[in-house]
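Reproduced below: start_12.json, with JSON, C-alpha atoms.
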```
[["chain", "number", "residue", "atom", "x", "y", "z"],
["A", 1, "MET", "CA", -3.76, 104.22, -51.26],
["A", 2, "TYR", "CA", -2.44, 104.36, -47.69],
["A", 3, "GLN", "CA", -5.96, 104.14, -46.26],
["A", 4, "GLY", "CA", -6.60, 101.07, -48.39],
["A", 5, "TYR", "CA", -3.30, 99.60, -47.21],
["A", 6, "ASN", "CA", -4.39, 99.96, -43.59],
["A", 7, "ARG", "CA", -7.90, 98.63, -44.24],
["A", 8, "MET", "CA", -6.42, 95.48, -45.70],
["A", 9, "LYS", "CA", -3.89, 95.23, -42.89],
["A", 10, "ASP", "CA", -6.70, 95.29, -40.33],
["A", 11, "ALA", "CA", -8.61, 92.58, -42.24],
["A", 12, "ILE", "CA", -5.83, 89.97, -42.54],
["A", 13, "LEU", "CA", -6.41, 86.87, -40.42],
["A", 14, "ASP", "CA", -3.90, 84.50, -41.99],
["A", 15, "GLY", "CA", -0.26, 84.57, -40.88],
["A", 16, "ARG", "CA", 0.84, 83.61, -44.40],
["A", 17, "ILE", "CA", -0.56, 86.87, -45.81],
["A", 18, "HIS", "CA", 1.77, 89.87, -45.87],
["A", 19, "GLN", "CA", 1.97, 93.35, -47.30],
["A", 20, "PRO", "CA", 5.04, 95.12, -48.67],
["A", 21, "GLY", "CA", 6.48, 97.55, -46.13],
["A", 22, "VAL", "CA", 5.95, 101.28, -46.64],
["A", 23, "ILE", "CA", 9.35, 102.85, -47.29],
["A", 24, "GLU", "CA", 8.25, 106.44, -47.91],
["A", 25, "ARG", "CA", 4.98, 108.32, -47.79],
["A", 26, "ASN", "CA", 4.14, 111.97, -48.38],
["A", 27, "ASP", "CA", 1.38, 114.05, -49.97],
["A", 28, "ARG", "CA", 2.51, 113.17, -53.50],
["A", 29, "GLN", "CA", 3.61, 109.55, -53.39],
["A", 30, "ILE", "CA", 3.91, 106.33, -51.48],
["A", 31, "VAL", "CA", 6.84, 103.96, -51.95],
["A", 32, "PHE", "CA", 6.51, 100.28, -51.08],
["A", 33, "GLU", "CA", 9.13, 97.62, -50.48],
["A", 34, "PHE", "CA", 10.03, 95.66, -53.61],
["A", 35, "ILE", "CA", 8.82, 92.07, -53.43],
["A", 36, "GLU", "CA", 10.26, 89.41, -55.70],
["A", 37, "GLY", "CA", 7.87, 86.58, -56.44],
["A", 38, "MET", "CA", 5.46, 85.05, -58.92],
["A", 39, "SER", "CA", 1.83, 86.10, -59.09],
["A", 40, "LEU", "CA", -0.90, 83.54, -58.58],
["A", 41, "GLU", "CA", -2.15, 84.47, -62.02],
["A", 42, "GLY", "CA", 1.23, 83.78, -63.57],
["A", 43, "LEU", "CA", 1.32, 80.32, -62.01],
["A", 44, "PHE", "CA", -2.29, 79.74, -63.04],
["A", 45, "PHE", "CA", -1.49, 80.71, -66.63],
["A", 46, "GLU", "CA", 1.58, 78.49, -66.60],
["A", 47, "ALA", "CA", -0.60, 75.49, -65.68],
["A", 48, "PHE", "CA", -2.86, 76.35, -68.60],
["A", 49, "LEU", "CA", 0.10, 76.49, -71.01],
["A", 50, "ASP", "CA", 1.23, 73.09, -69.73],
["A", 51, "GLY", "CA", -2.25, 71.70, -70.30],
["A", 52, "ASP", "CA", -2.27, 70.56, -66.66],
["A", 53, "LYS", "CA", -5.93, 70.72, -65.56],
["A", 54, "PRO", "CA", -5.36, 69.34, -62.02],
["A", 55, "GLN", "CA", -2.70, 71.99, -61.36],
["A", 56, "TYR", "CA", -4.88, 74.63, -63.03],
["A", 57, "LEU", "CA", -7.70, 73.85, -60.60],
["A", 58, "GLN", "CA", -5.33, 73.67, -57.64],
["A", 59, "TRP", "CA", -4.29, 77.29, -58.21],
["A", 60, "VAL", "CA", -7.93, 78.36, -58.41],
["A", 61, "ASP", "CA", -8.65, 76.41, -55.22],
["A", 62, "ARG", "CA", -5.77, 78.12, -53.47],
["A", 63, "TYR", "CA", -7.00, 81.56, -54.55],
["A", 64, "HIS", "CA", -10.57, 80.77, -53.48],
["A", 65, "ASP", "CA", -9.37, 79.53, -50.08],
["A", 66, "LEU", "CA", -7.32, 82.71, -49.56],
["A", 67, "LEU", "CA", -10.25, 84.99, -50.37],
["A", 68, "PHE", "CA", -12.72, 83.19, -48.16],
["A", 69, "GLY", "CA", -10.45, 82.12, -45.32],
["A", 70, "SER", "CA", -7.68, 84.67, -44.89],
["A", 71, "PHE", "CA", -9.60, 87.94, -44.43],
["A", 72, "LYS", "CA", -12.33, 89.18, -42.14],
["A", 73, "THR", "CA", -15.82, 88.73, -43.53],
["A", 74, "VAL", "CA", -19.36, 89.51, -42.38],
["A", 75, "ASN", "CA", -22.69, 87.87, -43.19],
["A", 76, "GLU", "CA", -24.77, 91.01, -43.73],
["A", 77, "PHE", "CA", -24.88, 93.48, -46.60],
["A", 78, "HIS", "CA", -25.53, 97.20, -46.20],
["A", 79, "LEU", "CA", -26.15, 99.54, -49.14],
["A", 80, "THR", "CA", -24.18, 102.78, -48.77],
["A", 81, "PRO", "CA", -23.17, 105.62, -51.09],
["A", 82, "GLU", "CA", -19.72, 104.00, -51.35],
["A", 83, "ASN", "CA", -20.95, 100.71, -52.82],
["A", 84, "GLU", "CA", -24.18, 101.91, -54.45],
["A", 85, "VAL", "CA", -22.30, 103.34, -57.44],
["A", 86, "PHE", "CA", -21.20, 99.79, -58.38],
["A", 87, "LEU", "CA", -24.66, 98.26, -57.98],
["A", 88, "LYS", "CA", -26.74, 100.23, -60.47],
["A", 89, "GLY", "CA", -29.13, 97.93, -62.31],
["A", 90, "VAL", "CA", -28.16, 95.00, -60.09],
["A", 91, "ASP", "CA", -30.73, 92.83, -58.30],
["A", 92, "LEU", "CA", -30.12, 93.92, -54.70],
["A", 93, "ASN", "CA", -32.33, 91.16, -53.32],
["A", 94, "PHE", "CA", -30.00, 88.66, -54.92],
["A", 95, "ILE", "CA", -26.92, 90.43, -53.50],
["A", 96, "GLU", "CA", -28.44, 90.60, -50.01],
["A", 97, "SER", "CA", -29.15, 86.86, -50.12],
["A", 98, "GLU", "CA", -25.46, 86.06, -50.31],
["A", 99, "GLU", "CA", -23.71, 84.78, -47.19],
["A", 100, "VAL", "CA", -20.15, 86.13, -47.24],
["A", 101, "PHE", "CA", -19.18, 89.80, -47.59],
["A", 102, "PHE", "CA", -15.99, 91.75, -47.17],
["A", 103, "PRO", "CA", -16.69, 94.60, -44.73],
["A", 104, "ASN", "CA", -14.30, 96.64, -46.90],
["A", 105, "ALA", "CA", -14.42, 95.62, -50.55],
["A", 106, "PHE", "CA", -11.01, 94.54, -51.84],
["A", 107, "LEU", "CA", -12.03, 94.92, -55.48],
["A", 108, "ASP", "CA", -8.48, 94.52, -56.78],
["A", 109, "LEU", "CA", -7.55, 91.49, -54.68],
["A", 110, "VAL", "CA", -7.26, 89.52, -57.91],
["A", 111, "MET", "CA", -4.83, 86.70, -58.68],
["A", 112, "ASP", "CA", -2.44, 89.08, -60.43],
["A", 113, "ASN", "CA", -2.10, 91.14, -57.23],
["A", 114, "ILE", "CA", -1.14, 88.23, -54.99],
["A", 115, "LEU", "CA", 2.55, 87.33, -55.14],
["A", 116, "ILE", "CA", 4.06, 84.09, -53.85],
["A", 117, "THR", "CA", 7.67, 84.32, -52.71],
["A", 118, "ALA", "CA", 10.25, 81.55, -52.65],
["A", 119, "ASP", "CA", 9.51, 80.90, -48.96],
["A", 120, "GLU", "CA", 5.78, 80.39, -49.66],
["A", 121, "LYS", "CA", 4.61, 83.72, -48.28],
["A", 122, "TYR", "CA", 1.76, 85.60, -49.94],
["A", 123, "TYR", "CA", 2.10, 89.34, -50.56],
["A", 124, "CYS", "CA", -1.00, 91.34, -51.46],
["A", 125, "ILE", "CA", -0.35, 94.47, -53.50],
["A", 126, "ASP", "CA", -2.41, 97.30, -55.04],
["A", 127, "TYR", "CA", -4.70, 99.08, -52.56],
["A", 128, "GLU", "CA", -6.24, 101.71, -54.79],
["A", 129, "TRP", "CA", -9.70, 100.17, -55.09],
["A", 130, "ILE", "CA", -10.66, 99.23, -51.56],
["A", 131, "VAL", "CA", -14.20, 100.44, -51.01],
["A", 132, "PRO", "CA", -15.15, 101.15, -47.37],
["A", 133, "ALA", "CA", -18.44, 99.29, -47.64],
["A", 134, "SER", "CA", -19.67, 95.68, -47.64],
["A", 135, "PHE", "CA", -19.38, 93.73, -50.89],
["A", 136, "PRO", "CA", -19.83, 90.07, -51.88],
["A", 137, "ALA", "CA", -16.54, 88.24, -51.52],
["A", 138, "ALA", "CA", -17.61, 85.97, -54.39],
["A", 139, "PHE", "CA", -17.66, 88.97, -56.74],
["A", 140, "VAL", "CA", -13.92, 89.52, -56.26],
["A", 141, "PHE", "CA", -13.35, 85.85, -57.11],
["A", 142, "TYR", "CA", -15.56, 86.19, -60.21],
["A", 143, "ARG", "CA", -13.83, 89.41, -61.23],
["A", 144, "SER", "CA", -10.36, 87.91, -61.20],
["A", 145, "LEU", "CA", -11.32, 84.84, -63.24],
["A", 146, "SER", "CA", -13.61, 86.66, -65.68],
["A", 147, "ASN", "CA", -10.86, 89.14, -66.53],
["A", 148, "PHE", "CA", -8.44, 86.25, -67.02],
["A", 149, "TYR", "CA", -10.84, 84.52, -69.41],
["A", 150, "GLY", "CA", -12.47, 87.44, -71.17],
["A", 151, "PHE", "CA", -9.92, 90.25, -71.20],
["A", 152, "LYS", "CA", -6.31, 89.23, -70.60],
["A", 153, "TYR", "CA", -6.00, 85.84, -72.29],
["A", 154, "ARG", "CA", -8.99, 85.53, -74.56],
["A", 155, "GLU", "CA", -6.78, 85.00, -77.62],
["A", 156, "PHE", "CA", -5.36, 81.84, -76.03],
["A", 157, "ASP", "CA", -8.81, 80.23, -76.04],
["A", 158, "VAL", "CA", -8.78, 79.37, -72.34],
["A", 159, "GLU", "CA", -12.51, 78.77, -72.65],
["A", 160, "ARG", "CA", -11.93, 75.63, -74.72],
["A", 161, "PHE", "CA", -9.41, 74.34, -72.18],
["A", 162, "PHE", "CA", -11.82, 74.74, -69.25],
["A", 163, "PRO", "CA", -15.17, 76.54, -69.77],
["A", 164, "PHE", "CA", -15.64, 79.58, -67.57],
["A", 165, "ALA", "CA", -19.23, 78.74, -66.58],
["A", 166, "GLU", "CA", -18.13, 75.23, -65.58],
["A", 167, "LEU", "CA", -15.32, 76.67, -63.48],
["A", 168, "MET", "CA", -17.67, 79.08, -61.71],
["A", 169, "SER", "CA", -20.20, 76.29, -61.13],
["A", 170, "ARG", "CA", -17.45, 74.34, -59.35],
["A", 171, "TYR", "CA", -17.48, 77.10, -56.71],
["A", 172, "GLY", "CA", -21.25, 77.34, -56.40],
["A", 173, "MET", "CA", -21.89, 80.19, -58.82],
["A", 174, "SER", "CA", -25.01, 79.94, -60.96],
["A", 175, "SER", "CA", -25.88, 81.72, -64.20],
["A", 176, "CYS", "CA", -27.68, 84.28, -62.02],
["A", 177, "HIS", "CA", -24.42, 85.02, -60.19],
["A", 178, "LEU", "CA", -22.65, 85.52, -63.49],
["A", 179, "GLU", "CA", -25.37, 87.83, -64.78],
["A", 180, "GLN", "CA", -25.41, 90.06, -61.70],
["A", 181, "TYR", "CA", -21.64, 90.09, -61.27],
["A", 182, "SER", "CA", -21.20, 91.01, -64.92],
["A", 183, "LYS", "CA", -23.35, 94.10, -64.29],
["A", 184, "ILE", "CA", -21.26, 95.02, -61.23],
["A", 185, "GLU", "CA", -18.05, 94.67, -63.25],
["A", 186, "GLY", "CA", -19.49, 96.90, -65.98],
["A", 187, "ASN", "CA", -20.39, 99.55, -63.40],
["A", 188, "TYR", "CA", -16.92, 99.26, -61.88],
["A", 189, "GLN", "CA", -15.22, 99.80, -65.24],
["A", 190, "ARG", "CA", -17.45, 102.76, -66.09],
["A", 191, "HIS", "CA", -16.69, 104.31, -62.72],
["A", 192, "ILE", "CA", -12.97, 104.11, -63.51],
["A", 193, "VAL", "CA", -12.74, 104.92, -67.22],
["A", 194, "GLY", "CA", -16.18, 106.16, -68.29],
["A", 195, "ASP", "CA", -18.07, 104.57, -71.16],
["A", 196, "CYS", "CA", -14.91, 103.40, -72.96],
["A", 197, "LEU", "CA", -14.71, 100.09, -71.11],
["A", 198, "TYR", "CA", -11.28, 98.58, -70.61],
["A", 199, "ASN", "CA", -9.65, 101.74, -71.92],
["A", 200, "ARG", "CA", -6.34, 101.92, -70.08],
["A", 201, "THR", "CA", -4.72, 104.74, -72.05],
["A", 202, "ARG", "CA", -5.14, 107.13, -69.15],
["A", 203, "TYR", "CA", -2.66, 105.02, -67.16],
["A", 204, "LEU", "CA", 0.12, 105.17, -69.74],
["A", 205, "LYS", "CA", 3.11, 107.33, -68.91],
["A", 206, "GLU", "CA", 4.70, 109.65, -71.44],
["A", 207, "ARG", "CA", 7.94, 108.31, -72.89],
["A", 208, "TYR", "CA", 10.60, 110.09, -74.95],
["A", 209, "PRO", "CA", 12.75, 108.43, -77.64],
["A", 210, "LEU", "CA", 16.50, 109.04, -77.60],
["A", 211, "HIS", "CA", 16.53, 111.15, -80.74],
["A", 212, "ASP", "CA", 14.25, 113.68, -78.98],
["A", 213, "LEU", "CA", 16.57, 113.83, -75.97],
["A", 214, "VAL", "CA", 19.86, 114.23, -77.83],
["A", 215, "PRO", "CA", 19.42, 117.91, -78.85],
["A", 216, "SER", "CA", 19.15, 118.94, -75.20],
["A", 217, "LEU", "CA", 22.53, 117.43, -74.30],
["A", 218, "ASP", "CA", 26.01, 118.78, -74.71],
["A", 219, "GLY", "CA", 28.33, 117.40, -77.38],
["A", 220, "LEU", "CA", 30.24, 115.08, -75.05],
["A", 221, "LYS", "CA", 27.07, 113.18, -74.16],
["A", 222, "GLN", "CA", 25.51, 113.24, -77.61],
["A", 223, "ARG", "CA", 28.21, 111.13, -79.24],
["A", 224, "PRO", "CA", 27.92, 108.01, -77.04],
["A", 225, "ILE", "CA", 24.13, 108.21, -77.19],
["A", 226, "GLU", "CA", 24.09, 108.42, -80.97],
["A", 227, "ALA", "CA", 26.62, 105.59, -81.17],
["A", 228, "ASN", "CA", 24.48, 103.30, -79.04],
["A", 229, "GLU", "CA", 21.07, 104.30, -80.37],
["A", 230, "LYS", "CA", 21.44, 101.96, -83.35],
["A", 231, "ASN", "CA", 21.63, 99.04, -80.90],
["A", 232, "PHE", "CA", 18.07, 99.69, -79.80],
["A", 233, "LYS", "CA", 16.62, 99.31, -83.31],
["A", 234, "PRO", "CA", 17.07, 95.52, -83.44],
["A", 235, "LEU", "CA", 15.52, 95.38, -79.98],
["A", 236, "ASN", "CA", 12.47, 97.26, -81.21],
["A", 237, "HIS", "CA", 12.04, 94.88, -84.16],
["A", 238, "ALA", "CA", 12.56, 91.86, -81.93],
["A", 239, "ASN", "CA", 10.02, 93.20, -79.46],
["A", 240, "GLU", "CA", 7.44, 93.56, -82.25],
["A", 241, "ASP", "CA", 8.14, 90.04, -83.51],
["A", 242, "ILE", "CA", 7.81, 88.48, -80.08],
["A", 243, "GLU", "CA", 4.70, 90.44, -79.18],
["A", 244, "THR", "CA", 3.09, 89.31, -82.45],
["A", 245, "ALA", "CA", 4.02, 85.73, -81.69],
["A", 246, "VAL", "CA", 2.46, 85.95, -78.25],
["A", 247, "CYS", "CA", -0.76, 87.39, -79.67],
["A", 248, "GLN", "CA", -0.94, 84.51, -82.11],
["A", 249, "GLY", "CA", -0.78, 82.06, -79.24],
["A", 250, "VAL", "CA", 2.71, 80.71, -79.90],
["A", 251, "LYS", "CA", 3.69, 78.41, -77.06],
["A", 252, "ASP", "CA", 7.22, 77.51, -77.99],
["A", 253, "ARG", "CA", 8.79, 78.56, -74.72],
["A", 254, "GLU", "CA", 12.33, 77.55, -75.62],
["A", 255, "TRP", "CA", 12.33, 79.95, -78.56],
["A", 256, "LEU", "CA", 10.89, 82.72, -76.43],
["A", 257, "ILE", "CA", 13.46, 82.16, -73.70],
["A", 258, "GLU", "CA", 16.29, 82.38, -76.25],
["A", 259, "GLN", "CA", 14.90, 85.68, -77.53],
["A", 260, "ILE", "CA", 14.67, 87.11, -74.02],
["A", 261, "LYS", "CA", 18.23, 86.04, -73.20],
["A", 262, "ALA", "CA", 19.54, 87.72, -76.35],
["A", 263, "LYS", "CA", 17.76, 90.96, -75.40],
["A", 264, "ASP", "CA", 19.00, 90.71, -71.79],
["A", 265, "ASP", "CA", 22.60, 90.29, -72.96],
["A", 266, "LEU", "CA", 22.40, 93.36, -75.16],
["A", 267, "ILE", "CA", 20.71, 95.43, -72.47],
["A", 268, "ALA", "CA", 23.42, 94.40, -69.99],
["A", 269, "ARG", "CA", 26.14, 95.62, -72.36],
["A", 270, "LEU", "CA", 24.35, 98.94, -72.70],
["A", 271, "HIS", "CA", 23.60, 99.28, -69.01],
["A", 272, "SER", "CA", 26.39, 101.75, -68.25],
["A", 273, "SER", "CA", 25.96, 103.79, -71.42],
["A", 274, "TYR", "CA", 24.54, 107.31, -71.51],
["A", 275, "SER", "CA", 21.77, 106.05, -73.73],
["A", 276, "MET", "CA", 20.59, 103.79, -70.96],
["A", 277, "ARG", "CA", 20.89, 106.46, -68.27],
["A", 278, "ILE", "CA", 19.28, 109.26, -70.20],
["A", 279, "GLY", "CA", 16.78, 107.25, -72.20],
["A", 280, "LYS", "CA", 15.74, 104.81, -69.47],
["A", 281, "ALA", "CA", 12.09, 105.23, -70.33],
["A", 282, "ILE", "CA", 12.63, 103.66, -73.73],
["A", 283, "LEU", "CA", 13.00, 100.28, -72.01],
["A", 284, "PHE", "CA", 9.33, 100.23, -71.00],
["A", 285, "PRO", "CA", 8.26, 98.14, -74.05],
["A", 286, "PHE", "CA", 10.95, 95.56, -73.33],
["A", 287, "ARG", "CA", 10.02, 95.29, -69.67],
["A", 288, "TYR", "CA", 6.41, 94.90, -70.70],
["A", 289, "MET", "CA", 7.42, 92.24, -73.20],
["A", 290, "ARG", "CA", 9.41, 90.36, -70.53],
["A", 291, "ASP", "CA", 6.53, 90.55, -68.08],
["A", 292, "GLN", "CA", 4.21, 89.06, -70.69],
["A", 293, "LEU", "CA", 6.64, 86.33, -71.64],
["A", 294, "SER", "CA", 7.33, 85.46, -67.99],
["A", 295, "ARG", "CA", 3.85, 83.96, -68.00],
["A", 296, "PHE", "CA", 5.02, 81.20, -70.32]]
```

Could the structure of this file be written out as structure tokens, please?
Amino acid sequence: MYQGYNRMKDAILDGRIHQPGVIERNDRQIVFEFIEGMSLEGLFFEAFLDGDKPQYLQWVDRYHDLLFGSFKTVNEFHLTPENEVFLKGVDLNFIESEEVFFPNAFLDLVMDNILITADEKYYCIDYEWIVPASFPAAFVFYRSLSNFYGFKYREFDVERFFPFAELMSRYGMSSCHLEQYSKIEGNYQRHIVGDCLYNRTRYLKERYPLHDLVPSLDGLKQRPIEANEKNFKPLNHANEDIETAVCQGVKDREWLIEQIKAKDDLIARLHSSYSMRIGKAILFPFRYMRDQLSRF
């Protein structure tokens, strides 16, 4: 992670591009500065929800300009053991014919990993998948948009709003590009998770419900936890209702905002309780829900 951080740092050419500062680093972990902002993907999705095609394309233009103008690139491709694993079954002659390559492949420099702060600075996060070998810059662009269309927001029917192939054609990508890049993405996913593509269960952290934690506490702490635990049940039901609504493509943002505010108010009242301190992990579903709804 730290090596990837430094590789990106050395590649930045644009003064608007920043990285979170490293607060702590040791053999077990690295801690980065917290950055408050909105991801490019979130703003992109918001334009889609508003049905605003000009703004939708403006966000894609901005992302494309950042990829191709804000980082060091080279015009030659070299096959190495580091990038070969992602190019199995790919037409290498086609790849070599491309004109712009990252000397170090920023495979996760997707729209969701670029944050825009209130003062219009860009912060690039997530340095795990930076391959020390040349790679087509256009693939990273394709990867971000194809995941947006085909994996993250498929149920919203973004394709009908603006067809993916038409969007890629706008940036000079032919059906041949899409075919070869699709193979690279498949190889990338298999490299990460094996043959179960898009299986993210290995990244989930273990969480413990309050009723499993209570027996390990003394009597003084058990009582306030048990008293407050009932307050989390409506939150669980509300979370399920909202998540279902999102999956069904509900776009009534006012209703969603009211639901979030109600949950925030209840969480604030519980903030100082033992149940919140001891069972902090139980809030993961609600944070996930808020992150999803923040895209509206």

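Comparing A:Phe44, A:Phe101, A:Phe141, A:Phe71 by their smallest distance to Gln58 in chain A, the closest is A:Phe44 (using only C-alpha atoms).
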
Do you know which residues are at most 9 Å from range 110-122 of chain A counting only C-alpha atoms, after dropping those on the same chain fewer than 2 positions away, and could you put them as a ChimeraX atom specification? /A:15-19,35-42,44,60,63,106-108,124-126,140-141,143-145

Suppose we keep C-alpha atoms; can you now write the selection as a PDB file, in the coordinates of the input?
```
ATOM      1  CA  GLY A  15      -0.260  84.570 -40.880  1.00  0.00           C
ATOM      2  CA  ARG A  16       0.840  83.610 -44.400  1.00  0.00           C
ATOM      3  CA  ILE A  17      -0.560  86.870 -45.810  1.00  0.00           C
ATOM      4  CA  HIS A  18       1.770  89.870 -45.870  1.00  0.00           C
ATOM      5  CA  GLN A  19       1.970  93.350 -47.300  1.00  0.00           C
ATOM      6  CA  ILE A  35       8.820  92.070 -53.430  1.00  0.00           C
ATOM      7  CA  GLU A  36      10.260  89.410 -55.700  1.00  0.00           C
ATOM      8  CA  GLY A  37       7.870  86.580 -56.440  1.00  0.00           C
ATOM      9  CA  MET A  38       5.460  85.050 -58.920  1.00  0.00           C
ATOM     10  CA  SER A  39       1.830  86.100 -59.090  1.00  0.00           C
ATOM     11  CA  LEU A  40      -0.900  83.540 -58.580  1.00  0.00           C
ATOM     12  CA  GLU A  41      -2.150  84.470 -62.020  1.00  0.00           C
ATOM     13  CA  GLY A  42       1.230  83.780 -63.570  1.00  0.00           C
ATOM     14  CA  PHE A  44      -2.290  79.740 -63.040  1.00  0.00           C
ATOM     15  CA  VAL A  60      -7.930  78.360 -58.410  1.00  0.00           C
ATOM     16  CA  TYR A  63      -7.000  81.560 -54.550  1.00  0.00           C
ATOM     17  CA  PHE A 106     -11.010  94.540 -51.840  1.00  0.00           C
ATOM     18  CA  LEU A 107     -12.030  94.920 -55.480  1.00  0.00           C
ATOM     19  CA  ASP A 108      -8.480  94.520 -56.780  1.00  0.00           C
ATOM     20  CA  CYS A 124      -1.000  91.340 -51.460  1.00  0.00           C
ATOM     21  CA  ILE A 125      -0.350  94.470 -53.500  1.00  0.00           C
ATOM     22  CA  ASP A 126      -2.410  97.300 -55.040  1.00  0.00           C
ATOM     23  CA  VAL A 140     -13.920  89.520 -56.260  1.00  0.00           C
ATOM     24  CA  PHE A 141     -13.350  85.850 -57.110  1.00  0.00           C
ATOM     25  CA  ARG A 143     -13.830  89.410 -61.230  1.00  0.00           C
ATOM     26  CA  SER A 144     -10.360  87.910 -61.200  1.00  0.00           C
ATOM     27  CA  LEU A 145     -11.320  84.840 -63.240  1.00  0.00           C
TER      28      LEU A 145
END
```

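If you look at CA of Ala105 in chain A and CA of Ile130 in chain A, they are 5.3 Å away from each other.
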
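In this structure, CA of Asn26 in chain A sits 26.3 Å away from CA of Val193 in chain A.
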
May I have the residues within 12 Å of Phe94 in chain A as an MDAnalysis selection string, using all atoms listed in the file and disregarding those fewer than 3 positions away in the same chain? chainID A and resid 77 87 89:91 97:99 136 174 176:181

Up to 9 Å from (-12.3, 78.9, -69.9) in the file's coordinates: name the residues, counting all atoms listed in the file, as a PyMOL selection string. chain A and resi 145-146+148-150+154+157-167

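For the atom pair formed by CA of Asp14 in chain A and CA of Lys72 in chain A, the distance is 9.6 Å, given to one decimal.
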
Can you tell me which residues surround Ser70 in chain A at a distance of at most 7 Å, considering all atoms listed in the file, apart from same-chain residues fewer than 3 positions away, and format the answer as a VMD selection string? chain A and resid 12 to 14 66 to 67

If you take every atom of range 134-150 of chain A that the file lists and fit an axis-aligned box around them with 6 Å extra on each side, what centre and edge lengths come out in Å to one decimal, as AutoDock Vina command-line options?
```
--center_x -14.1 --center_y 90.1 --center_z -59.4 --size_x 23.4 --size_y 23.2 --size_z 35.5
```

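For the choices A:Asn147, A:Asn187, A:Asn104, A:Ser169, the atom-to-atom distance to Met8 in chain A is smallest for A:Asn104 when using all atoms listed in the file.
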
Nearest candidate to Arg28 in chain A (options A:Met168, A:Met1, A:Ala47, A:Ala137; using only C-alpha atoms): A:Met1
